[in-house]
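These notes are about the structure you will find just below.
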Amino acid sequence: MSAPANRPQRFPAALPKAGGAAATPAREVLMPQRHLRDAAADAARLTAPSGLGLDSSHVRRRMVQRLQQAGVHDERVLQALAEVPRHEFVDSALAIQAYEDTSLPIGHGQTISKPSVVGRMIAILMGGAAANRLGNLGKVLEIGTGCGYQAAVLDRLARQVVSIERLRPLHDKAHANLQALKLTKIRLVYGDGRLGHSGSAPFDSIIAAAGGDDLPPAWLAQLAPGGRLVAPMVAPGGKGQVLVVVDHVVEGGVGRYVRSEFEAVHFVPLKSGVL
């Protein structure tokens with residue numbers, strides 16, 4: 001007699017017979033290295049992206065490569081340019097152009113110089129007798145702080161930088177920009193750049209970011225023996241500007257100034273007084 005259809009099944013249940021149709025549940029594949037793989041994936045998600053934004057060293061490196069093609073070859077100068085975040089020194093609306101080889105307005109009728117011009121002038125300074133002897137730019141006087149970008153580059157190549165700005169709003173802006181980078185070798189001075197800074201003289205290197213009809217006597221008087229000065233100046237004939245280099249040469253205990261002229265440039269005019 002057959003068992004009733006609704007009779008409950010007894011326990012323990014019988015095992016399926018060999019060769020029966022019951023399917024064996026799929027086993028999970030063992031992956032002893034999975035925890036390492038998952039950890040690597042987590043690390044990749046947490047790592048900040050590089051090479052994409054304006055704060056990327058790769059963006060500055062590409063700018064440096066273009067400057068090399070433009071004729072700036074001093075590796076020390078190129079390295080300094082690669083380390084300074086130029087976009088931090090311009091208005092946010094212009095930041096996308098920060099690593100192009102172009103000058104940009106910084107307000108008050110002033111501009112931040114083209115990277116190639118900054119690199120070229122500093123490379124010329126590095127060729128001076130004092131810089132060759134010291135292995136760096138030594139004590140530097142910068143005329144025209146502007147937004148502070150060139151001072152930040154000089155900071156990486158000098159023992160000390162004294163930078164003078166005659167426009168109070170730019171002096172304050174440079175102070176904020178440089179303070180954010182926590183640079184310690186730069187002294188900012190609000191004053192008349194044509195007078196130099198006698199209290200910190202003599203200087204092994206002097207660089208100017210504005211051009212006049214002549215070189216102020218105070219600059220030459222504050223240039224140390226063996227020192228070099230680089231500044232834009234009105235070209236002979238009064239048309240345009242050229243880079244002028246002055247070396248303070250000492251021979252037989254007697255000092256003299258040797259002047260050379262380089263390529264054409266375009267800078268804002270050098271003015272007296274403060275505003």
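All residue names refer to the structure tokens as shown: chains lettered A, B, ... in order, residues numbered from 1 in each chain, ligands numbered from 1 in order.
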**Request:** Extract the full set of alpha helix (DSSP H) residues from region 50-186 of chain A according to DSSP on the backbone, and format it as a PyMOL selection string.
**Result:** chain A and resi 57-69+75-83+115-126+129-134+149-155+168-181
**Prompt:** Can you tell me, as a ChimeraX atom specification, what residues are no more than 8 Å from Ala98 (chain A) when counting only C-alpha atoms, ignoring any on the same chain fewer than 6 positions away?
**Reply:** /A:86-87,90
What would the file look like if the residues just selected were written as a CSV table (one decimal), in the first residue's frame with all heavy atoms?
chain,number,residue,atom,x,y,z
A,86,ARG,N,53.0,78.5,-11.2
A,86,ARG,CA,52.8,79.9,-11.8
A,86,ARG,C,51.3,80.2,-11.7
A,86,ARG,O,50.9,81.4,-11.6
A,86,ARG,CB,53.3,79.9,-13.2
A,86,ARG,CG,53.3,81.3,-13.9
A,86,ARG,CD,53.9,81.3,-15.2
A,86,ARG,NE,54.1,82.7,-15.8
A,86,ARG,CZ,53.4,83.1,-16.8
A,86,ARG,NH1,52.5,82.4,-17.4
A,86,ARG,NH2,53.6,84.4,-17.3
A,87,HIS,N,50.4,79.2,-11.8
A,87,HIS,CA,49.0,79.6,-11.8
A,87,HIS,C,48.5,80.2,-10.4
A,87,HIS,O,47.5,80.8,-10.3
A,87,HIS,CB,48.1,78.3,-12.0
A,87,HIS,CG,48.2,77.2,-11.0
A,87,HIS,ND1,49.3,76.4,-10.8
A,87,HIS,CD2,47.4,76.9,-10.0
A,87,HIS,CE1,49.1,75.6,-9.8
A,87,HIS,NE2,47.9,75.9,-9.3
A,90,VAL,N,48.5,84.3,-10.7
A,90,VAL,CA,47.6,85.0,-11.6
A,90,VAL,C,46.2,84.9,-11.1
A,90,VAL,O,45.8,84.0,-10.3
A,90,VAL,CB,47.8,84.5,-13.0
A,90,VAL,CG1,49.2,84.7,-13.5
A,90,VAL,CG2,47.4,83.1,-13.2
**Message:** Give me, as a list in words, all polymer residues having an atom no more than 8 Å from Gly212 (chain A), counting only C-alpha atoms and skipping those fewer than 3 positions away in the same chain.
**Reply:**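 The contact residues come out as Leu215, Pro232, Met233, Val234, Pro269, Leu270 and Lys271 of chain A.
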Store the residues picked out above, limited to N, CA and C atoms, as a PDB file, in the first residue's frame.
ATOM      1  N   LEU A 215      70.404 103.235 -16.447  1.00  0.00           N
ATOM      2  CA  LEU A 215      70.512 102.404 -15.253  1.00  0.00           C
ATOM      3  C   LEU A 215      70.719 103.327 -14.059  1.00  0.00           C
ATOM      4  N   PRO A 232      66.141  95.424 -18.439  1.00  0.00           N
ATOM      5  CA  PRO A 232      65.745  96.003 -19.725  1.00  0.00           C
ATOM      6  C   PRO A 232      66.069  97.476 -19.740  1.00  0.00           C
ATOM      7  N   MET A 233      66.353  97.979 -20.937  1.00  0.00           N
ATOM      8  CA  MET A 233      66.693  99.392 -21.063  1.00  0.00           C
ATOM      9  C   MET A 233      66.312  99.851 -22.455  1.00  0.00           C
ATOM     10  N   VAL A 234      66.003 101.118 -22.577  1.00  0.00           N
ATOM     11  CA  VAL A 234      65.656 101.657 -23.887  1.00  0.00           C
ATOM     12  C   VAL A 234      66.817 101.426 -24.854  1.00  0.00           C
ATOM     13  N   PRO A 269      57.467 100.492 -18.107  1.00  0.00           N
ATOM     14  CA  PRO A 269      58.465 101.537 -17.833  1.00  0.00           C
ATOM     15  C   PRO A 269      58.902 101.542 -16.368  1.00  0.00           C
ATOM     16  N   LEU A 270      60.150 101.882 -16.166  1.00  0.00           N
ATOM     17  CA  LEU A 270      60.696 102.058 -14.820  1.00  0.00           C
ATOM     18  C   LEU A 270      60.338 103.455 -14.326  1.00  0.00           C
ATOM     19  N   LYS A 271      59.700 103.525 -13.150  1.00  0.00           N
ATOM     20  CA  LYS A 271      59.260 104.810 -12.617  1.00  0.00           C
ATOM     21  C   LYS A 271      59.779 105.016 -11.201  1.00  0.00           C
TER      22      LYS A 271
END
**Asked** If we count only C-alpha atoms, what is near region 101-105 of chain A at a cut-off of 8 Å, once residues fewer than 5 positions away on the same chain are taken out, given as a list in words?
**Response** Met63, Leu67, Val90, Leu94, Gln110, Thr111, Ile112, Ser113, Lys114, Pro115 and Ser116 of chain A
For the residues in the current selection, export N, CA, C and O atoms as a tab-separated table (two decimals), in the first residue's frame.
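Result saved to again.tsv:
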chain	number	residue	atom	x	y	z
A	63	MET	N	55.70	72.77	-19.75
A	63	MET	CA	56.09	74.16	-19.99
A	63	MET	C	57.61	74.27	-20.10
A	63	MET	O	58.14	74.95	-21.00
A	67	LEU	N	60.17	75.65	-23.03
A	67	LEU	CA	61.19	76.68	-22.81
A	67	LEU	C	62.55	76.22	-23.29
A	67	LEU	O	63.34	77.02	-23.79
A	90	VAL	N	48.48	84.26	-10.66
A	90	VAL	CA	47.63	85.02	-11.57
A	90	VAL	C	46.18	84.87	-11.11
A	90	VAL	O	45.83	83.98	-10.33
A	94	LEU	N	42.50	83.67	-15.34
A	94	LEU	CA	43.61	83.52	-16.29
A	94	LEU	C	44.45	82.28	-16.01
A	94	LEU	O	45.43	82.03	-16.71
A	110	GLN	N	50.25	96.44	-14.70
A	110	GLN	CA	51.45	95.62	-14.67
A	110	GLN	C	51.17	94.21	-15.20
A	110	GLN	O	50.01	93.80	-15.31
A	111	THR	N	52.22	93.48	-15.51
A	111	THR	CA	52.07	92.13	-16.04
A	111	THR	C	53.06	91.18	-15.36
A	111	THR	O	54.09	91.61	-14.83
A	112	ILE	N	52.73	89.91	-15.41
A	112	ILE	CA	53.68	88.87	-15.04
A	112	ILE	C	54.43	88.49	-16.32
A	112	ILE	O	53.82	88.28	-17.37
A	113	SER	N	55.74	88.47	-16.26
A	113	SER	CA	56.55	88.25	-17.47
A	113	SER	C	56.36	86.85	-18.03
A	113	SER	O	55.98	85.91	-17.32
A	114	LYS	N	56.64	86.70	-19.31
A	114	LYS	CA	56.61	85.39	-19.95
A	114	LYS	C	57.61	84.46	-19.27
A	114	LYS	O	58.72	84.90	-18.91
A	115	PRO	N	57.28	83.19	-19.09
A	115	PRO	CA	58.24	82.25	-18.49
A	115	PRO	C	59.57	82.21	-19.22
A	115	PRO	O	60.63	82.08	-18.59
A	116	SER	N	59.56	82.34	-20.54
A	116	SER	CA	60.81	82.28	-21.29
A	116	SER	C	61.69	83.49	-20.99
A	116	SER	O	62.92	83.37	-20.96
**Message:** Using Å and a single decimal, report how far CA of Gln241 (chain A) sits from CA of Ala264 (chain A).
**Reply:**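 About the pair CA of Ala264 (chain A) and CA of Gln241 (chain A): they are 5.6 Å apart.
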**Item:** Asn132 (chain A) surroundings by only C-alpha atoms, 12 Å radius, close-in-sequence under 5 positions cut, as a list in words
**Value:** Ala123, Ile124, Leu125, Met126, Gly127, Leu137, Gly138, Asp204, Ser205, Gly226, Gly227 and Arg228 of chain A
Atoms to include: N, CA and C atoms. Write the selected residues as a PDB file, in the first residue's frame.
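That gives us out.pdb:
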ATOM      1  N   ALA A 123      68.925  82.917 -16.260  1.00  0.00           N
ATOM      2  CA  ALA A 123      70.044  82.133 -16.801  1.00  0.00           C
ATOM      3  C   ALA A 123      71.251  83.031 -17.073  1.00  0.00           C
ATOM      4  N   ILE A 124      71.004  84.250 -17.565  1.00  0.00           N
ATOM      5  CA  ILE A 124      72.105  85.202 -17.788  1.00  0.00           C
ATOM      6  C   ILE A 124      72.762  85.557 -16.455  1.00  0.00           C
ATOM      7  N   LEU A 125      71.936  85.778 -15.420  1.00  0.00           N
ATOM      8  CA  LEU A 125      72.492  86.059 -14.089  1.00  0.00           C
ATOM      9  C   LEU A 125      73.383  84.921 -13.607  1.00  0.00           C
ATOM     10  N   MET A 126      72.962  83.694 -13.872  1.00  0.00           N
ATOM     11  CA  MET A 126      73.718  82.531 -13.419  1.00  0.00           C
ATOM     12  C   MET A 126      75.098  82.450 -14.073  1.00  0.00           C
ATOM     13  N   GLY A 127      75.293  83.181 -15.170  1.00  0.00           N
ATOM     14  CA  GLY A 127      76.583  83.185 -15.846  1.00  0.00           C
ATOM     15  C   GLY A 127      77.556  84.213 -15.310  1.00  0.00           C
ATOM     16  N   LEU A 137      73.036  82.251  -7.012  1.00  0.00           N
ATOM     17  CA  LEU A 137      72.954  83.685  -7.281  1.00  0.00           C
ATOM     18  C   LEU A 137      73.358  84.550  -6.090  1.00  0.00           C
ATOM     19  N   GLY A 138      73.664  83.928  -4.962  1.00  0.00           N
ATOM     20  CA  GLY A 138      74.077  84.691  -3.788  1.00  0.00           C
ATOM     21  C   GLY A 138      72.955  85.570  -3.275  1.00  0.00           C
ATOM     22  N   ASP A 204      75.099  90.299  -5.048  1.00  0.00           N
ATOM     23  CA  ASP A 204      75.834  89.504  -6.043  1.00  0.00           C
ATOM     24  C   ASP A 204      75.107  89.501  -7.382  1.00  0.00           C
ATOM     25  N   SER A 205      73.783  89.660  -7.341  1.00  0.00           N
ATOM     26  CA  SER A 205      72.966  89.649  -8.558  1.00  0.00           C
ATOM     27  C   SER A 205      71.866  90.692  -8.422  1.00  0.00           C
ATOM     28  N   GLY A 226      82.416  91.346  -8.844  1.00  0.00           N
ATOM     29  CA  GLY A 226      82.122  90.041  -9.418  1.00  0.00           C
ATOM     30  C   GLY A 226      80.648  89.840  -9.681  1.00  0.00           C
ATOM     31  N   GLY A 227      79.818  90.813  -9.266  1.00  0.00           N
ATOM     32  CA  GLY A 227      78.375  90.687  -9.427  1.00  0.00           C
ATOM     33  C   GLY A 227      77.920  91.006 -10.840  1.00  0.00           C
ATOM     34  N   ARG A 228      76.687  90.616 -11.128  1.00  0.00           N
ATOM     35  CA  ARG A 228      76.113  90.853 -12.458  1.00  0.00           C
ATOM     36  C   ARG A 228      74.719  91.442 -12.317  1.00  0.00           C
TER      37      ARG A 228
END
**Request:** Mind giving me the straight-line distance from CA of Arg168 (chain A) to CA of Gly193 (chain A) in Å, one decimal?
**Result:**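 Between CA of Arg168 (chain A) and CA of Gly193 (chain A) the gap is 12.6 Å.
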**Prompt:** Quick one: residues within 7 Å of Gln222 (chain A), only C-alpha atoms counted, chain neighbours fewer than 3 positions away excluded, as a PyMOL selection string?
**Reply:** chain A and resi 198+201-203+218-219
Could you please take those selected residues and save all heavy atoms as a compact mmCIF listing (two decimals), in the first residue's frame?
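Output file out-v5.txt follows:
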# COMPACT_ATOMS: atom_id res chain seq x y z
N SER A 198 70.03 100.02 -0.10
CA SER A 198 71.39 100.16 0.41
C SER A 198 71.62 99.41 1.72
O SER A 198 72.72 98.95 2.00
CB SER A 198 71.73 101.64 0.59
OG SER A 198 70.82 102.25 1.50
N ALA A 201 72.79 95.97 0.75
CA ALA A 201 73.88 95.88 -0.22
C ALA A 201 75.18 95.45 0.47
O ALA A 201 75.32 95.59 1.69
CB ALA A 201 74.05 97.23 -0.91
N PRO A 202 76.13 94.91 -0.32
CA PRO A 202 76.11 94.75 -1.77
C PRO A 202 75.39 93.48 -2.20
O PRO A 202 75.23 92.55 -1.41
CB PRO A 202 77.60 94.69 -2.13
CG PRO A 202 78.23 94.04 -0.93
CD PRO A 202 77.46 94.55 0.26
N PHE A 203 75.01 93.46 -3.48
CA PHE A 203 74.29 92.33 -4.05
C PHE A 203 75.14 91.61 -5.09
O PHE A 203 75.80 92.25 -5.91
CB PHE A 203 72.99 92.80 -4.70
CG PHE A 203 72.02 93.42 -3.72
CD1 PHE A 203 71.97 94.79 -3.55
CD2 PHE A 203 71.18 92.62 -2.96
CE1 PHE A 203 71.09 95.37 -2.65
CE2 PHE A 203 70.30 93.18 -2.04
CZ PHE A 203 70.25 94.56 -1.89
N ALA A 218 72.30 104.03 -8.25
CA ALA A 218 72.23 103.26 -7.02
C ALA A 218 72.40 101.77 -7.28
O ALA A 218 72.98 101.04 -6.47
CB ALA A 218 70.90 103.52 -6.31
N TRP A 219 71.90 101.29 -8.42
CA TRP A 219 72.04 99.87 -8.73
C TRP A 219 73.51 99.49 -8.90
O TRP A 219 73.96 98.48 -8.38
CB TRP A 219 71.27 99.52 -10.00
CG TRP A 219 69.79 99.71 -9.90
CD1 TRP A 219 69.07 100.17 -8.83
CD2 TRP A 219 68.84 99.44 -10.93
NE1 TRP A 219 67.74 100.21 -9.13
CE2 TRP A 219 67.55 99.78 -10.40
CE3 TRP A 219 68.93 98.98 -12.24
CZ2 TRP A 219 66.38 99.64 -11.16
CZ3 TRP A 219 67.77 98.84 -12.99
CH2 TRP A 219 66.52 99.16 -12.45
